[in-house]
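Student: Mind having a look at this structure? Questions to follow.
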Amino acid sequence: MNLPLLEIESVKVHFARRSSCIRAVDGVDLSLAEGEVLGLVGESGCGKTTLARAVMRLTPLTAGRIRFEGKDLASLTRRAMNRFRPRLQMIFQDPYSSLNPRMTVYDTLAEPLRVHGRMVRREVVGRVAQLMEQVGLARRFARKYPHEFSGGQRQRIAIARALALEPRLVIADEPVSALDVSVQAQILNLLTDLIRAHGLALILVSHDLAVVRHLSHRVAVMHMGRIVEMGTTATLFDEPRHPYTRTLLEATPVLDPMRARANLLRNT
Amino acid sequence: MGLLLDIRNLRVHFHTRNGVARAVEGVSFGIATGETVGLVGESGSGKSVTAYALLRLLPMPPGRIESGGAHFDGLDLLRCSNAELRRIRGRRIAMIFQDPMTALNPYKTIGDQVSEPLRVHGRCSRAEAWTRAAETMESVGVPNASERMRSYPHEFSGGMRQRATIAMALMMQPALLLADEPTTALDTTVQAQLLALIARQQRARNLSVLLITHNLGVVAGVCDRVLVMYAGRLVESAPTVVLFRHPRHPYTQALMSAVPSVDAAREKLYAIPGMPPDPVQPRDGCPFAPRCAQAVEECNRENPCLRPVGEDHASACLRVQRGEL
């Protein structure tokens, strides 16, 4: 058995407020293997985004340990962490705010290559073209700015940027929830293809159980800062054990009017 | 069942610097008393503009109602005087919106706002309006309603805020409720509760509801009938069960196979290629043709209207109408 790519041990992230303390993440244990897709589901405020940000070291831990490729991320100096950054990438929900409006697609994709990749200009040009092709963006778009693109195309740019440095782990925080249904399918298919092609590990943070079921090998359900149930996708969806998981499943809209009606009655 | 609202050939354009955006291009449908109708479409399809046009809530200019009628209570909502419309808006037809935080005034207590319709339209005392508002809040499931009337919107959760706007909408016992993406900003479990609430109120009051959403799963449980909109036009209309079992327009079919399901993982989702057309530069022929897997040569020339293709079932697909699909 291989060493896990990511190990999260008893992680807590608390935010101190004037009179109280918000326990956003309150003791989470998780591990993720190379090439594995883990769905992290829960409702707003359950701590799923905070946990994702903690793994990226965008939020300091209150307690616990996060090991990536065996290294304790919190113990790393800023400089040592910077060497790890290319291997850990993130895709955010809102492609309207996650891209720099003053940078062209080319600049957006070239920046990480220049900073981390130590590439010469010719190599950068080649790699940018390759990335654009991988995410299905025509090369003539390279000189355009984010505002000239639709939401789906922007999310493609964000994905290309996350892939630029060939990461081992990508964390996608609600990557399709801001998109229209027909575009959502395009992006989900793209993610599926890229995960397979690159053997990427992915943590998919989402409130949408259907999206998670579609993409994940394993699913963790978060509620009030803790993981209340975790299992392989098929087991968790077909035989949910925790009452909260069942509630979530029953609340998820289905395209079957009879079952939708039955679910509705259960809520009355 | 007589029609409560009858919309005929509604066309709404926006006259902008970049040209004329044809947001709604000839939409006709009716809503019967006590009927819940779902209007489904993606962003920019014109579904919200349709509802806003009914209550004349669109900014005009740049918006302009180019043609059409909307008959309600023997009045054409699109042509009646402002005074006549004021007697309908908020009283006979109420509306709830996607974002309950922006729909509520942050400076006023919930109670002030929920009781306001009664004070404005109802000619009753302040105290009486307050009591009736508290009762309505109770009936939409706000716990400790009479105490929470004194809270401000920021003290409510998203779901509770939306319950408050529903209470506000129901205060005048409207005949028709327009709900524009009422659950889109909410968590799944809260969404399920609110849909159940809308369905319960609908039955208890024999309300007619127009539920506007981009989410097919949302209409599946609550609506009697579903209308599918694309690029400013209705492309399909059918009773809910029929629409989900036998969709008869390639766009509806594509939408359904594009949605992932909680029931079983599908290998690959069907991704509709391309993007919706630019409303400023409409093309000849069916607006969905460039993205349609079933399109033939004629689809680029002819743009068919919604026509019956079965009992109570209409489709705007040329090939379906000719019996080829």
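Ligands are numbered from 1 in the order shown, chains are lettered A, B, ... in the order of the structure tokens, and residues start at 1 in each chain.
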Compile the contact shell of Cys299 in chain B as a ChimeraX atom specification: residues with an atom at most 6 Å away, counting only C-alpha atoms, same-chain residues fewer than 3 positions apart removed.
Tutor: /B:285-286,289,295-296,302
Student: Give me every strand (DSSP E or B) residue in range 210-296 of chain B, going by DSSP on the backbone, as a PyMOL selection string.
Tutor: chain B and resi 210-213+225-230+233-239
Student: Considering only C-alpha atoms, tabulate each residue of chain A that lies at most 10 Å from chain B along with its nearest interatomic pair and the corresponding distance in Å to one decimal; arrange the rows by chain and ascending residue number and present them as a tab-separated table.
Tutor:
```
residue	atom	partner	partner_atom	distance
A:Gly42	CA	B:Asp187	CA	9.1
A:Glu43	CA	B:Asp187	CA	5.9
A:Ser44	CA	B:Asp187	CA	6.7
A:Ser150	CA	B:Met275	CA	9.1
A:Gly152	CA	B:Met275	CA	9.6
A:Leu179	CA	B:Ser43	CA	9.2
A:Asp180	CA	B:Glu42	CA	6.0
A:Val181	CA	B:Val259	CA	6.7
A:Ser182	CA	B:Ile272	CA	5.6
A:Val183	CA	B:Ala271	CA	7.0
A:Gln184	CA	B:Ala258	CA	8.0
A:Ala185	CA	B:Ala271	CA	5.0
A:Gln186	CA	B:Ala271	CA	5.0
A:Ile187	CA	B:Ala271	CA	8.6
A:Leu188	CA	B:Leu269	CA	7.8
A:Asn189	CA	B:Lys268	CA	6.5
A:Thr192	CA	B:Lys268	CA	8.5
A:Asp193	CA	B:Lys268	CA	9.7
A:His207	CA	B:Thr188	CA	7.5
A:Asp208	CA	B:Thr188	CA	7.9
A:Leu209	CA	B:Val262	CA	6.3
A:Ala210	CA	B:Val262	CA	4.3
A:Val211	CA	B:Pro260	CA	5.9
A:Val212	CA	B:Val262	CA	8.5
A:Arg213	CA	B:Ala265	CA	6.1
A:His214	CA	B:Ala265	CA	5.0
A:Leu215	CA	B:Ala265	CA	8.0
A:Ser216	CA	B:Ala265	CA	9.4
A:Thr233	CA	B:Ala265	CA	9.2
A:Ala234	CA	B:Ala264	CA	8.4
A:Phe237	CA	B:Val262	CA	7.4
A:Asp238	CA	B:Asp263	CA	8.1
A:Thr247	CA	B:Thr189	CA	7.2
A:Leu248	CA	B:Thr189	CA	6.2
A:Leu249	CA	B:Val262	CA	7.8
A:Glu250	CA	B:Thr189	CA	8.3
A:Ala251	CA	B:Thr189	CA	5.1
A:Thr252	CA	B:Thr188	CA	6.1
A:Pro253	CA	B:Gly217	CA	4.5
A:Val254	CA	B:Gly217	CA	4.9
A:Leu255	CA	B:Gly217	CA	5.0
A:Asp256	CA	B:Ala220	CA	6.4
A:Pro257	CA	B:Ala220	CA	4.6
A:Met258	CA	B:Gly221	CA	7.3
A:Arg259	CA	B:Gly221	CA	7.6
A:Ala260	CA	B:Gly221	CA	4.3
A:Arg261	CA	B:Gly221	CA	4.3
A:Ala262	CA	B:Gly221	CA	7.9
A:Asn263	CA	B:Gly221	CA	7.8
A:Leu264	CA	B:Ala196	CA	5.4
A:Leu265	CA	B:Ala196	CA	7.0
A:Arg266	CA	B:Ala196	CA	8.5
A:Asn267	CA	B:Gln193	CA	5.7
A:Thr268	CA	B:Ala196	CA	5.6
```
Student: Could you list, as number ranges by chain, every residue within 9 Å of Leu176 in chain B, counting only C-alpha atoms and ignoring same-chain residues fewer than 3 positions away?
Tutor: B: 4-5, 31, 33-34, 92-95, 173, 207-210
Student: Please save N, CA and C atoms of the selected residues as a JSON list (two decimals), in the first residue's frame.
Tutor:
```
[["chain", "number", "residue", "atom", "x", "y", "z"],
["B", 4, "LEU", "N", -56.49, 32.16, -14.97],
["B", 4, "LEU", "CA", -56.35, 33.33, -14.11],
["B", 4, "LEU", "C", -55.50, 34.38, -14.81],
["B", 5, "LEU", "N", -54.47, 33.89, -15.47],
["B", 5, "LEU", "CA", -53.56, 34.79, -16.19],
["B", 5, "LEU", "C", -53.41, 34.24, -17.59],
["B", 31, "ILE", "N", -52.07, 30.53, -16.95],
["B", 31, "ILE", "CA", -52.01, 29.85, -15.66],
["B", 31, "ILE", "C", -53.43, 29.77, -15.13],
["B", 33, "THR", "N", -56.45, 28.88, -12.28],
["B", 33, "THR", "CA", -56.59, 29.07, -10.84],
["B", 33, "THR", "C", -56.13, 27.82, -10.12],
["B", 34, "GLY", "N", -55.27, 27.99, -9.12],
["B", 34, "GLY", "CA", -54.79, 26.86, -8.34],
["B", 34, "GLY", "C", -53.72, 26.03, -9.01],
["B", 92, "ARG", "N", -53.13, 41.35, -5.63],
["B", 92, "ARG", "CA", -53.65, 40.17, -6.33],
["B", 92, "ARG", "C", -52.50, 39.30, -6.87],
["B", 93, "ILE", "N", -51.41, 39.97, -7.23],
["B", 93, "ILE", "CA", -50.24, 39.24, -7.70],
["B", 93, "ILE", "C", -49.06, 39.66, -6.82],
["B", 94, "ALA", "N", -48.45, 38.69, -6.16],
["B", 94, "ALA", "CA", -47.30, 39.01, -5.31],
["B", 94, "ALA", "C", -46.07, 38.31, -5.88],
["B", 95, "MET", "N", -44.91, 38.83, -5.50],
["B", 95, "MET", "CA", -43.69, 38.26, -6.07],
["B", 95, "MET", "C", -42.65, 38.03, -4.98],
["B", 173, "GLN", "N", -53.40, 37.93, 0.64],
["B", 173, "GLN", "CA", -54.13, 36.81, 0.04],
["B", 173, "GLN", "C", -54.14, 36.91, -1.48],
["B", 207, "LEU", "N", -53.76, 28.91, -4.38],
["B", 207, "LEU", "CA", -52.96, 29.89, -5.10],
["B", 207, "LEU", "C", -52.59, 29.39, -6.49],
["B", 208, "SER", "N", -52.38, 30.32, -7.40],
["B", 208, "SER", "CA", -51.67, 29.98, -8.63],
["B", 208, "SER", "C", -50.23, 30.42, -8.43],
["B", 209, "VAL", "N", -49.30, 29.59, -8.91],
["B", 209, "VAL", "CA", -47.89, 29.93, -8.71],
["B", 209, "VAL", "C", -47.16, 29.83, -10.04],
["B", 210, "LEU", "N", -46.31, 30.83, -10.33],
["B", 210, "LEU", "CA", -45.38, 30.71, -11.44],
["B", 210, "LEU", "C", -44.00, 30.60, -10.80]]
```
Student: Out of range 49-223 of chain B, which residues get alpha helix (DSSP H) from DSSP, as a compact mmCIF listing (two decimals) with N, CA and C atoms, in the first residue's frame?
Tutor:
```
# COMPACT_ATOMS: atom_id res chain seq x y z
N VAL B 49 -37.35 38.04 -17.08
CA VAL B 49 -37.89 39.22 -17.78
C VAL B 49 -39.39 39.05 -18.01
N THR B 50 -39.81 37.82 -18.33
CA THR B 50 -41.23 37.55 -18.52
C THR B 50 -42.02 37.93 -17.27
N ALA B 51 -41.53 37.49 -16.11
CA ALA B 51 -42.25 37.77 -14.86
C ALA B 51 -42.20 39.25 -14.52
N TYR B 52 -41.04 39.85 -14.69
CA TYR B 52 -40.91 41.27 -14.38
C TYR B 52 -41.81 42.11 -15.27
N ALA B 53 -41.93 41.70 -16.55
CA ALA B 53 -42.75 42.47 -17.48
C ALA B 53 -44.21 42.47 -17.03
N LEU B 54 -44.66 41.35 -16.45
CA LEU B 54 -46.06 41.25 -16.03
C LEU B 54 -46.41 42.33 -15.00
N ASN B 82 -51.27 53.04 -14.34
CA ASN B 82 -50.47 52.75 -13.16
C ASN B 82 -51.34 52.56 -11.93
N ALA B 83 -52.40 53.36 -11.85
CA ALA B 83 -53.29 53.25 -10.69
C ALA B 83 -53.95 51.88 -10.66
N GLU B 84 -54.37 51.41 -11.84
CA GLU B 84 -55.00 50.09 -11.91
C GLU B 84 -53.98 49.00 -11.54
N LEU B 85 -52.77 49.16 -12.04
CA LEU B 85 -51.74 48.16 -11.76
C LEU B 85 -51.42 48.11 -10.27
N ARG B 86 -51.43 49.27 -9.62
CA ARG B 86 -51.13 49.31 -8.18
C ARG B 86 -52.14 48.51 -7.36
N ARG B 87 -53.37 48.45 -7.86
CA ARG B 87 -54.37 47.66 -7.15
C ARG B 87 -54.15 46.16 -7.31
N ILE B 88 -53.37 45.79 -8.33
CA ILE B 88 -53.09 44.38 -8.58
C ILE B 88 -51.76 43.97 -7.93
N PRO B 100 -33.21 36.97 -0.61
CA PRO B 100 -34.08 37.60 0.38
C PRO B 100 -33.40 38.73 1.14
N MET B 101 -32.06 38.78 1.10
CA MET B 101 -31.39 39.87 1.81
C MET B 101 -31.59 41.18 1.07
N THR B 102 -31.51 41.16 -0.24
CA THR B 102 -31.70 42.41 -0.97
C THR B 102 -33.19 42.73 -1.15
N ALA B 103 -34.05 41.73 -0.97
CA ALA B 103 -35.48 42.01 -1.09
C ALA B 103 -36.02 42.66 0.17
N ILE B 110 -38.37 43.10 10.65
CA ILE B 110 -39.12 42.14 9.85
C ILE B 110 -40.61 42.42 9.98
N GLY B 111 -41.05 42.67 11.21
CA GLY B 111 -42.48 42.90 11.46
C GLY B 111 -43.00 44.10 10.69
N ASP B 112 -42.24 45.19 10.68
CA ASP B 112 -42.63 46.38 9.93
C ASP B 112 -42.87 46.04 8.46
N GLN B 113 -41.94 45.21 7.94
CA GLN B 113 -41.99 44.93 6.51
C GLN B 113 -43.08 43.93 6.16
N VAL B 114 -43.26 42.94 7.02
CA VAL B 114 -44.29 41.94 6.72
C VAL B 114 -45.68 42.54 6.88
N SER B 115 -45.82 43.47 7.80
CA SER B 115 -47.15 44.06 8.01
C SER B 115 -47.42 45.21 7.04
N GLU B 116 -46.39 45.66 6.34
CA GLU B 116 -46.55 46.82 5.47
C GLU B 116 -47.61 46.66 4.38
N PRO B 117 -47.66 45.52 3.68
CA PRO B 117 -48.68 45.39 2.63
C PRO B 117 -50.09 45.67 3.16
N LEU B 118 -50.36 45.19 4.37
CA LEU B 118 -51.69 45.36 4.95
C LEU B 118 -51.94 46.82 5.30
N ARG B 119 -50.89 47.50 5.78
CA ARG B 119 -51.06 48.92 6.11
C ARG B 119 -51.28 49.75 4.86
N VAL B 120 -50.58 49.37 3.77
CA VAL B 120 -50.68 50.14 2.53
C VAL B 120 -51.98 49.85 1.79
N HIS B 121 -52.28 48.55 1.64
CA HIS B 121 -53.43 48.16 0.81
C HIS B 121 -54.69 47.93 1.63
N ARG B 126 -52.64 49.77 12.60
CA ARG B 126 -51.27 49.29 12.75
C ARG B 126 -51.23 48.03 13.58
N ALA B 127 -51.96 48.07 14.70
CA ALA B 127 -51.93 46.94 15.63
C ALA B 127 -52.49 45.69 14.98
N GLU B 128 -53.58 45.89 14.23
CA GLU B 128 -54.20 44.75 13.59
C GLU B 128 -53.27 44.17 12.51
N ALA B 129 -52.65 45.07 11.74
CA ALA B 129 -51.71 44.63 10.70
C ALA B 129 -50.58 43.81 11.32
N TRP B 130 -50.09 44.30 12.46
CA TRP B 130 -48.99 43.62 13.16
C TRP B 130 -49.41 42.22 13.60
N THR B 131 -50.60 42.10 14.18
CA THR B 131 -51.08 40.80 14.65
C THR B 131 -51.24 39.84 13.48
N ARG B 132 -51.83 40.35 12.39
CA ARG B 132 -52.04 39.45 11.25
C ARG B 132 -50.72 39.05 10.62
N ALA B 133 -49.74 39.96 10.62
CA ALA B 133 -48.42 39.62 10.09
C ALA B 133 -47.79 38.52 10.93
N ALA B 134 -47.92 38.63 12.24
CA ALA B 134 -47.35 37.60 13.12
C ALA B 134 -48.00 36.25 12.86
N GLU B 135 -49.32 36.25 12.61
CA GLU B 135 -49.99 34.99 12.30
C GLU B 135 -49.46 34.39 11.00
N THR B 136 -49.29 35.26 10.01
CA THR B 136 -48.79 34.76 8.72
C THR B 136 -47.37 34.21 8.88
N MET B 137 -46.55 34.92 9.65
CA MET B 137 -45.19 34.45 9.89
C MET B 137 -45.21 33.08 10.55
N GLU B 138 -46.12 32.90 11.50
CA GLU B 138 -46.28 31.61 12.17
C GLU B 138 -46.62 30.53 11.14
N SER B 139 -47.54 30.88 10.22
CA SER B 139 -48.03 29.87 9.27
C SER B 139 -46.96 29.49 8.23
N ALA B 145 -42.80 33.44 16.18
CA ALA B 145 -43.01 34.51 15.21
C ALA B 145 -43.25 35.87 15.88
N SER B 146 -44.09 35.92 16.93
CA SER B 146 -44.44 37.24 17.45
C SER B 146 -43.23 37.93 18.08
N GLU B 147 -42.27 37.15 18.62
CA GLU B 147 -41.05 37.79 19.13
C GLU B 147 -40.12 38.20 18.00
N ARG B 148 -40.01 37.31 17.03
CA ARG B 148 -39.04 37.56 15.96
C ARG B 148 -39.47 38.67 15.01
N GLY B 158 -30.69 32.80 6.02
CA GLY B 158 -31.21 32.93 4.66
C GLY B 158 -32.58 32.30 4.49
N GLY B 159 -32.74 31.11 5.05
CA GLY B 159 -34.02 30.41 4.92
C GLY B 159 -35.14 31.15 5.64
N MET B 160 -34.84 31.68 6.83
CA MET B 160 -35.85 32.41 7.60
C MET B 160 -36.22 33.72 6.89
N ARG B 161 -35.24 34.35 6.29
CA ARG B 161 -35.51 35.58 5.53
C ARG B 161 -36.46 35.29 4.38
N GLN B 162 -36.19 34.16 3.70
CA GLN B 162 -37.06 33.84 2.57
C GLN B 162 -38.47 33.50 3.08
N ARG B 163 -38.57 32.88 4.25
CA ARG B 163 -39.90 32.64 4.83
C ARG B 163 -40.60 33.97 5.09
N ALA B 164 -39.83 34.94 5.57
CA ALA B 164 -40.42 36.26 5.84
C ALA B 164 -40.92 36.91 4.55
N THR B 165 -40.15 36.81 3.45
CA THR B 165 -40.63 37.43 2.21
C THR B 165 -41.86 36.67 1.67
N ILE B 166 -41.90 35.36 1.93
CA ILE B 166 -43.10 34.61 1.52
C ILE B 166 -44.29 35.09 2.34
N ALA B 167 -44.08 35.27 3.65
CA ALA B 167 -45.17 35.78 4.50
C ALA B 167 -45.65 37.13 3.98
N MET B 168 -44.69 37.99 3.63
CA MET B 168 -45.03 39.32 3.12
C MET B 168 -45.87 39.20 1.85
N ALA B 169 -45.46 38.27 0.97
CA ALA B 169 -46.18 38.08 -0.29
C ALA B 169 -47.60 37.57 -0.04
N LEU B 170 -47.78 36.76 1.02
CA LEU B 170 -49.08 36.14 1.25
C LEU B 170 -50.04 37.04 2.05
N THR B 188 -29.42 23.01 0.26
CA THR B 188 -30.33 21.98 -0.25
C THR B 188 -31.45 21.62 0.73
N THR B 189 -31.10 21.44 2.01
CA THR B 189 -32.13 21.04 2.96
C THR B 189 -33.14 22.16 3.18
N VAL B 190 -32.64 23.40 3.19
CA VAL B 190 -33.53 24.55 3.35
C VAL B 190 -34.38 24.71 2.09
N GLN B 191 -33.78 24.48 0.94
CA GLN B 191 -34.51 24.53 -0.32
C GLN B 191 -35.68 23.56 -0.29
N ALA B 192 -35.43 22.33 0.18
CA ALA B 192 -36.48 21.33 0.23
C ALA B 192 -37.62 21.79 1.16
N GLN B 193 -37.24 22.39 2.30
CA GLN B 193 -38.27 22.87 3.23
C GLN B 193 -39.11 23.98 2.61
N LEU B 194 -38.44 24.89 1.90
CA LEU B 194 -39.17 26.02 1.34
C LEU B 194 -40.07 25.61 0.18
N LEU B 195 -39.60 24.64 -0.62
CA LEU B 195 -40.46 24.15 -1.70
C LEU B 195 -41.70 23.50 -1.11
N ALA B 196 -41.49 22.75 -0.02
CA ALA B 196 -42.64 22.13 0.65
C ALA B 196 -43.58 23.20 1.19
N LEU B 197 -42.99 24.28 1.71
CA LEU B 197 -43.81 25.38 2.23
C LEU B 197 -44.64 26.02 1.12
N ILE B 198 -44.00 26.29 -0.01
CA ILE B 198 -44.72 26.91 -1.13
C ILE B 198 -45.86 25.99 -1.58
N ALA B 199 -45.56 24.68 -1.68
CA ALA B 199 -46.60 23.72 -2.10
C ALA B 199 -47.75 23.70 -1.10
N ARG B 200 -47.42 23.77 0.19
CA ARG B 200 -48.46 23.72 1.22
C ARG B 200 -49.35 24.96 1.17
N GLN B 201 -48.72 26.11 1.04
CA GLN B 201 -49.48 27.36 0.97
C GLN B 201 -50.34 27.39 -0.29
N GLN B 202 -49.77 26.86 -1.38
CA GLN B 202 -50.49 26.83 -2.64
C GLN B 202 -51.79 26.04 -2.46
N ARG B 203 -51.69 24.87 -1.83
CA ARG B 203 -52.89 24.05 -1.65
C ARG B 203 -53.87 24.71 -0.69
N ALA B 204 -53.35 25.21 0.42
CA ALA B 204 -54.24 25.78 1.45
C ALA B 204 -55.00 26.99 0.93
N ARG B 205 -54.39 27.76 0.05
CA ARG B 205 -55.00 29.01 -0.39
C ARG B 205 -55.51 28.94 -1.83
N LEU B 216 -34.15 21.98 -13.08
CA LEU B 216 -35.24 21.06 -13.44
C LEU B 216 -35.70 20.25 -12.24
N GLY B 217 -34.77 19.92 -11.34
CA GLY B 217 -35.11 19.13 -10.17
C GLY B 217 -36.07 19.87 -9.25
N VAL B 218 -36.01 21.20 -9.25
CA VAL B 218 -36.89 21.98 -8.38
C VAL B 218 -38.33 21.92 -8.87
N VAL B 219 -38.54 21.95 -10.18
CA VAL B 219 -39.92 21.94 -10.68
C VAL B 219 -40.54 20.54 -10.61
N ALA B 220 -39.69 19.51 -10.60
CA ALA B 220 -40.20 18.14 -10.67
C ALA B 220 -41.20 17.84 -9.56
N GLY B 221 -40.92 18.34 -8.35
CA GLY B 221 -41.77 17.99 -7.22
C GLY B 221 -42.98 18.88 -7.05
N VAL B 222 -42.87 20.17 -7.38
CA VAL B 222 -43.95 21.09 -7.01
C VAL B 222 -44.88 21.51 -8.13
```
Student: Do a neighbour search on Arg102 in chain A at 12 Å with only C-alpha atoms, toss out local chain neighbours closer than 4 positions, and write the hits as a list in words.
Tutor: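 The residues that qualify are Ser97, Ser98, Tyr106, Asp107, Thr108, Arg143, Lys144, Tyr145, Pro146, His147 and Glu148 of chain A.
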Student: Could the residues in this selection be saved with N, CA and C atoms as a PDB file, in the first residue's frame?
Tutor:
```
ATOM      1  N   SER A  97     -14.227  36.338  -9.932  1.00  0.00           N
ATOM      2  CA  SER A  97     -13.345  37.026  -8.994  1.00  0.00           C
ATOM      3  C   SER A  97     -12.012  36.319  -8.808  1.00  0.00           C
ATOM      4  N   SER A  98     -11.858  35.110  -9.342  1.00  0.00           N
ATOM      5  CA  SER A  98     -10.596  34.408  -9.092  1.00  0.00           C
ATOM      6  C   SER A  98      -9.539  34.707 -10.159  1.00  0.00           C
ATOM      7  N   TYR A 106      -3.084  34.662 -21.652  1.00  0.00           N
ATOM      8  CA  TYR A 106      -1.674  34.270 -21.771  1.00  0.00           C
ATOM      9  C   TYR A 106      -0.902  34.608 -20.503  1.00  0.00           C
ATOM     10  N   ASP A 107      -1.038  35.845 -20.021  1.00  0.00           N
ATOM     11  CA  ASP A 107      -0.312  36.261 -18.817  1.00  0.00           C
ATOM     12  C   ASP A 107      -0.717  35.433 -17.608  1.00  0.00           C
ATOM     13  N   THR A 108      -2.024  35.173 -17.493  1.00  0.00           N
ATOM     14  CA  THR A 108      -2.524  34.403 -16.367  1.00  0.00           C
ATOM     15  C   THR A 108      -1.884  33.008 -16.331  1.00  0.00           C
ATOM     16  N   ARG A 143      -4.856  36.388 -26.125  1.00  0.00           N
ATOM     17  CA  ARG A 143      -4.647  37.808 -25.848  1.00  0.00           C
ATOM     18  C   ARG A 143      -5.890  38.490 -25.281  1.00  0.00           C
ATOM     19  N   LYS A 144      -6.891  37.708 -24.945  1.00  0.00           N
ATOM     20  CA  LYS A 144      -8.120  38.319 -24.433  1.00  0.00           C
ATOM     21  C   LYS A 144      -8.089  38.412 -22.912  1.00  0.00           C
ATOM     22  N   TYR A 145      -8.950  39.287 -22.394  1.00  0.00           N
ATOM     23  CA  TYR A 145      -9.050  39.501 -20.954  1.00  0.00           C
ATOM     24  C   TYR A 145     -10.261  38.750 -20.383  1.00  0.00           C
ATOM     25  N   PRO A 146     -10.242  38.461 -19.069  1.00  0.00           N
ATOM     26  CA  PRO A 146     -11.338  37.670 -18.487  1.00  0.00           C
ATOM     27  C   PRO A 146     -12.733  38.187 -18.807  1.00  0.00           C
ATOM     28  N   HIS A 147     -12.925  39.528 -18.837  1.00  0.00           N
ATOM     29  CA  HIS A 147     -14.294  40.020 -19.036  1.00  0.00           C
ATOM     30  C   HIS A 147     -14.837  39.678 -20.420  1.00  0.00           C
ATOM     31  N   GLU A 148     -13.963  39.252 -21.323  1.00  0.00           N
ATOM     32  CA  GLU A 148     -14.435  38.916 -22.670  1.00  0.00           C
ATOM     33  C   GLU A 148     -14.934  37.469 -22.760  1.00  0.00           C
TER      34      GLU A 148
END
```
Student: Give the answer as one residue: which of B:Thr183, B:Asn300, B:Gln294, B:Thr213 has the shortest atom-to-atom distance to Leu227 in chain B, using only C-alpha atoms?
Tutor: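 Answer, going by the shortest atom-to-atom distance: B:Thr213.
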Student: For a quick check of understanding, using only C-alpha atoms, which of A:Gly117, A:Pro60, A:Gly151, A:Gly35 has the smallest distance to Arg196 in chain A?
Tutor: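 Going through A:Gly117, A:Pro60, A:Gly151, A:Gly35 one by one, the smallest distance to Arg196 in chain A is for A:Gly35.
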Student: Could you tell me how far CA of Ala185 in chain B lies from CA of Pro250 in chain B, in Å and to one decimal?
Tutor: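 One can read the CA of Ala185 in chain B to CA of Pro250 in chain B distance as 28.7 Å.
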Student: Nearest to His223 in chain A among A:Val13, A:Leu137, A:Cys46, A:Val120, with distances taken over only C-alpha atoms: which residue is it?
Tutor: A:Cys46
Student: Can you work out which one of A:Ala110, A:Met230, A:Val55, A:Leu191 has the shortest atom-to-atom distance to Leu88 in chain A, counting only C-alpha atoms?
Tutor: A:Val55
Student: Within 8 Å of Gln93 in chain A, counting only C-alpha atoms, which residues show up once you throw out same-chain ones fewer than 6 positions away? Write them as a list in words, please.
Tutor: Ala172, Asp173, Glu174, Pro175, Val176, Ser177 and Ala178 of chain A
Student: With N, CA and C atoms retained, could you export that selection as a short mmCIF file (atom, residue, chain, number, x, y, z; two decimals), in the first residue's frame?
Tutor:
```cif
data_model
loop_
_atom_site.label_atom_id
_atom_site.label_comp_id
_atom_site.auth_asym_id
_atom_site.auth_seq_id
_atom_site.Cartn_x
_atom_site.Cartn_y
_atom_site.Cartn_z
N ALA A 172 -10.85 21.71 -5.57
CA ALA A 172 -11.82 22.51 -6.32
C ALA A 172 -12.98 22.83 -5.40
N ASP A 173 -13.15 24.12 -5.10
CA ASP A 173 -14.20 24.54 -4.17
C ASP A 173 -15.42 25.01 -4.97
N GLU A 174 -16.44 24.17 -5.02
CA GLU A 174 -17.68 24.47 -5.76
C GLU A 174 -17.36 24.92 -7.19
N PRO A 175 -16.62 24.11 -7.96
CA PRO A 175 -16.15 24.58 -9.26
C PRO A 175 -17.24 24.82 -10.29
N VAL A 176 -18.43 24.23 -10.11
CA VAL A 176 -19.45 24.40 -11.14
C VAL A 176 -20.73 25.04 -10.63
N SER A 177 -20.77 25.42 -9.35
CA SER A 177 -22.07 25.86 -8.85
C SER A 177 -22.46 27.25 -9.35
N ALA A 178 -21.51 28.01 -9.92
CA ALA A 178 -21.89 29.32 -10.46
C ALA A 178 -22.26 29.21 -11.94
#
```
Student: Pick out the residues sitting within 12 Å of range 71-79 of chain A, and hand them over as a list of chain:residue names; count only C-alpha atoms, and ignore anything fewer than 3 positions along from it in its own chain.
Tutor: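 After dropping sequence-adjacent residues, the list is A:Leu3, A:Pro4, A:Leu5, A:Leu6, A:Glu7, A:Ile8, A:Glu9, A:Val11, A:Ala54, A:Val55, A:Met56, A:Arg57, A:Leu58, A:Thr59, A:Pro60, A:Leu61, A:Thr62, A:Ala63, A:Gly64, A:Arg65, A:Ile66, A:Arg67, A:Phe68, A:Asn82, A:Arg83, A:Phe84, A:Arg85, A:Leu88.
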